Amino acid sequence: MSADLQSKAPGLQSKWDFDALDPATVKRLDLLEVEGVPLLSKDAQNWDSLWGFQARPDDVLISTYPKAGTTWMQEIVDMLQHEGDLQKCARAPIYQRIPFIEYFRHYPIASGLQLAETMPSPRTLKTHLPVQLLPPSFWEQKCKIIYVARNIKDNAVSYFHFHRMDHFLPEPGEWNQFLENFIAGKVAWGSWFDHVRGWWEAKDRHPILYLLYEDMKENPSREIQKVAKFLGLELPELVLNKIVQHTDFKCMKANPMANYSTMPPVIMDHGISPFLRKGTVGDWKEHFTVAQSERLDDIYAREMEGSGLTFRTQL
């Protein structure tokens, strides 16, 4: 590891003092609305700080609806930026390498803004915010944004299991109850329909690379090449092959720098469900009843009519 990376890693680690975390104070958060969008209460209460965040022109932002391939894209981008150097990409857990800007959860865990503001440029950042809530400085600075969207059925299932294991998220209840809340947009970061459609429409006005999770699963080499081209990075075939291998789901699931296993169980309980669970297309069939699937198909047709967006629910 280079001296520069060695100097950065301790600084990152010092802002995440899990040993000082009192488990009794970790509680599931309520939802509070910001401009009609439900957010986790800690995020909503710190909204003024987040809205005033100052992006830099060379920032790269990774945006997704939760559980749509966020961590996968983060690891891909970090690998691209470090030319496939595995050692550099193991310098710290993914949540420290790429700050989650609206993360306001618990002292002594650094907020996303604290991490981002102390990072040297160029920075890579992460958000789940819908397009209308993105801090305006990202638009003003014309930052490059990579958006990943996932089909609604698999996204709902993955988000349900994430609620089960992440102890900051509201209690999900049973699957049937969660699905109703999900369809109605009564979950953190709001409506899936509004989110994927809002970012889709924004790509015509801003430098946004809009990718589909299912395309990434079908042909990761092709999609990684799109990301490299968008970021203006050279991508030799040897490096591409290394990135494809390193960011394969099985490899990432076993990688403590990507799988969130470094988070204490009081925050993320992998015994309930792994953070990186299956990473497949079509797992929704194990959860949806025929009636639920048909009903969601009808709602999807109405909500997405005229959008031009097409998702695959199986490969």
# chains A, B, ... in the order shown; residues from 1 in each chain; ligands from 1
>>> residues_around(residues="Asp269 of chain A", least_positions_apart="5", cutoff="12 Å", atoms="only C-alpha atoms", output="list in words")
His161, Phe162, His163, Arg164, Met165, Asp166, His167, Phe168, Tyr260, Ser261, Thr262, Met263, Pro264, Pro274, Phe275 and Leu276 of chain A
>>> select_by_dssp(residues="segment 1-196 of chain A", states="strand (DSSP E or B)", output="VMD selection string")
chain A and resid 16 31 to 34 37 to 40 60 to 64 100 109 124 to 127 144 to 149 166
>>> write_last_selection(atoms="N, CA and C atoms", output="mmCIF file, in the first residue's frame")
data_model
loop_
_atom_site.group_PDB
_atom_site.id
_atom_site.type_symbol
_atom_site.label_atom_id
_atom_site.label_comp_id
_atom_site.auth_asym_id
_atom_site.auth_seq_id
_atom_site.Cartn_x
_atom_site.Cartn_y
_atom_site.Cartn_z
ATOM 1 N N TRP A 16 -14.693 6.060 12.828
ATOM 2 C CA TRP A 16 -15.668 4.981 12.979
ATOM 3 C C TRP A 16 -15.272 4.154 14.194
ATOM 4 N N LEU A 31 -39.688 7.388 10.135
ATOM 5 C CA LEU A 31 -39.600 8.119 8.881
ATOM 6 C C LEU A 31 -40.188 9.513 9.057
ATOM 7 N N LEU A 32 -39.518 10.510 8.502
ATOM 8 C CA LEU A 32 -40.011 11.876 8.467
ATOM 9 C C LEU A 32 -39.960 12.349 7.022
ATOM 10 N N GLU A 33 -40.948 13.102 6.606
ATOM 11 C CA GLU A 33 -40.985 13.546 5.219
ATOM 12 C C GLU A 33 -40.208 14.835 5.001
ATOM 13 N N VAL A 34 -39.498 14.877 3.887
ATOM 14 C CA VAL A 34 -38.852 16.089 3.395
ATOM 15 C C VAL A 34 -39.407 16.329 2.000
ATOM 16 N N VAL A 37 -41.184 13.330 0.633
ATOM 17 C CA VAL A 37 -40.439 12.073 0.505
ATOM 18 C C VAL A 37 -40.053 11.561 1.888
ATOM 19 N N PRO A 38 -40.446 10.331 2.255
ATOM 20 C CA PRO A 38 -40.040 9.781 3.553
ATOM 21 C C PRO A 38 -38.535 9.531 3.594
ATOM 22 N N LEU A 39 -37.896 10.057 4.632
ATOM 23 C CA LEU A 39 -36.485 9.796 4.883
ATOM 24 C C LEU A 39 -36.335 9.306 6.309
ATOM 25 N N LEU A 40 -35.225 8.657 6.614
ATOM 26 C CA LEU A 40 -34.960 8.284 7.989
ATOM 27 C C LEU A 40 -34.872 9.537 8.838
ATOM 28 N N VAL A 60 -17.512 12.373 -8.360
ATOM 29 C CA VAL A 60 -18.328 11.373 -9.046
ATOM 30 C C VAL A 60 -19.364 10.901 -8.037
ATOM 31 N N LEU A 61 -20.619 10.920 -8.432
ATOM 32 C CA LEU A 61 -21.694 10.512 -7.541
ATOM 33 C C LEU A 61 -22.341 9.232 -8.051
ATOM 34 N N ILE A 62 -22.462 8.242 -7.175
ATOM 35 C CA ILE A 62 -23.180 7.003 -7.483
ATOM 36 C C ILE A 62 -24.539 7.090 -6.816
ATOM 37 N N SER A 63 -25.586 7.029 -7.622
ATOM 38 C CA SER A 63 -26.949 7.184 -7.120
ATOM 39 C C SER A 63 -27.771 5.944 -7.454
ATOM 40 N N THR A 64 -28.564 5.503 -6.491
ATOM 41 C CA THR A 64 -29.452 4.369 -6.704
ATOM 42 C C THR A 64 -30.639 4.469 -5.759
ATOM 43 N N PHE A 100 -21.428 7.930 2.077
ATOM 44 C CA PHE A 100 -22.868 7.964 1.845
ATOM 45 C C PHE A 100 -23.347 9.311 2.386
ATOM 46 N N ILE A 109 -20.119 7.169 15.074
ATOM 47 C CA ILE A 109 -19.947 6.831 13.667
ATOM 48 C C ILE A 109 -20.031 8.118 12.857
ATOM 49 N N THR A 124 -15.365 10.129 -4.695
ATOM 50 C CA THR A 124 -16.513 9.379 -5.181
ATOM 51 C C THR A 124 -17.490 9.287 -4.018
ATOM 52 N N LEU A 125 -18.738 9.638 -4.275
ATOM 53 C CA LEU A 125 -19.749 9.729 -3.227
ATOM 54 C C LEU A 125 -20.952 8.875 -3.596
ATOM 55 N N LYS A 126 -21.802 8.629 -2.615
ATOM 56 C CA LYS A 126 -22.981 7.775 -2.796
ATOM 57 C C LYS A 126 -24.220 8.467 -2.246
ATOM 58 N N THR A 127 -25.362 8.238 -2.917
ATOM 59 C CA THR A 127 -26.638 8.741 -2.407
ATOM 60 C C THR A 127 -27.772 7.819 -2.834
ATOM 61 N N LYS A 144 -20.342 14.381 -12.591
ATOM 62 C CA LYS A 144 -20.727 13.146 -13.264
ATOM 63 C C LYS A 144 -21.472 12.255 -12.266
ATOM 64 N N ILE A 145 -22.592 11.701 -12.721
ATOM 65 C CA ILE A 145 -23.440 10.870 -11.866
ATOM 66 C C ILE A 145 -23.695 9.541 -12.563
ATOM 67 N N ILE A 146 -23.507 8.461 -11.824
ATOM 68 C CA ILE A 146 -23.826 7.119 -12.319
ATOM 69 C C ILE A 146 -25.052 6.633 -11.560
ATOM 70 N N TYR A 147 -26.106 6.316 -12.296
ATOM 71 C CA TYR A 147 -27.338 5.825 -11.675
ATOM 72 C C TYR A 147 -27.562 4.370 -12.078
ATOM 73 N N VAL A 148 -27.888 3.536 -11.091
ATOM 74 C CA VAL A 148 -28.197 2.134 -11.359
ATOM 75 C C VAL A 148 -29.634 1.864 -10.919
ATOM 76 N N ALA A 149 -30.429 1.295 -11.813
ATOM 77 C CA ALA A 149 -31.817 0.947 -11.519
ATOM 78 C C ALA A 149 -31.995 -0.568 -11.625
ATOM 79 N N ASP A 166 -30.823 -4.561 8.949
ATOM 80 C CA ASP A 166 -30.284 -3.234 9.273
ATOM 81 C C ASP A 166 -31.119 -2.631 10.408
#
>>> closest_residue(among="A:Ala68, A:Cys143, A:Cys251, A:Ala188", to="Ile208 of chain A", atoms="only C-alpha atoms")
A:Cys143
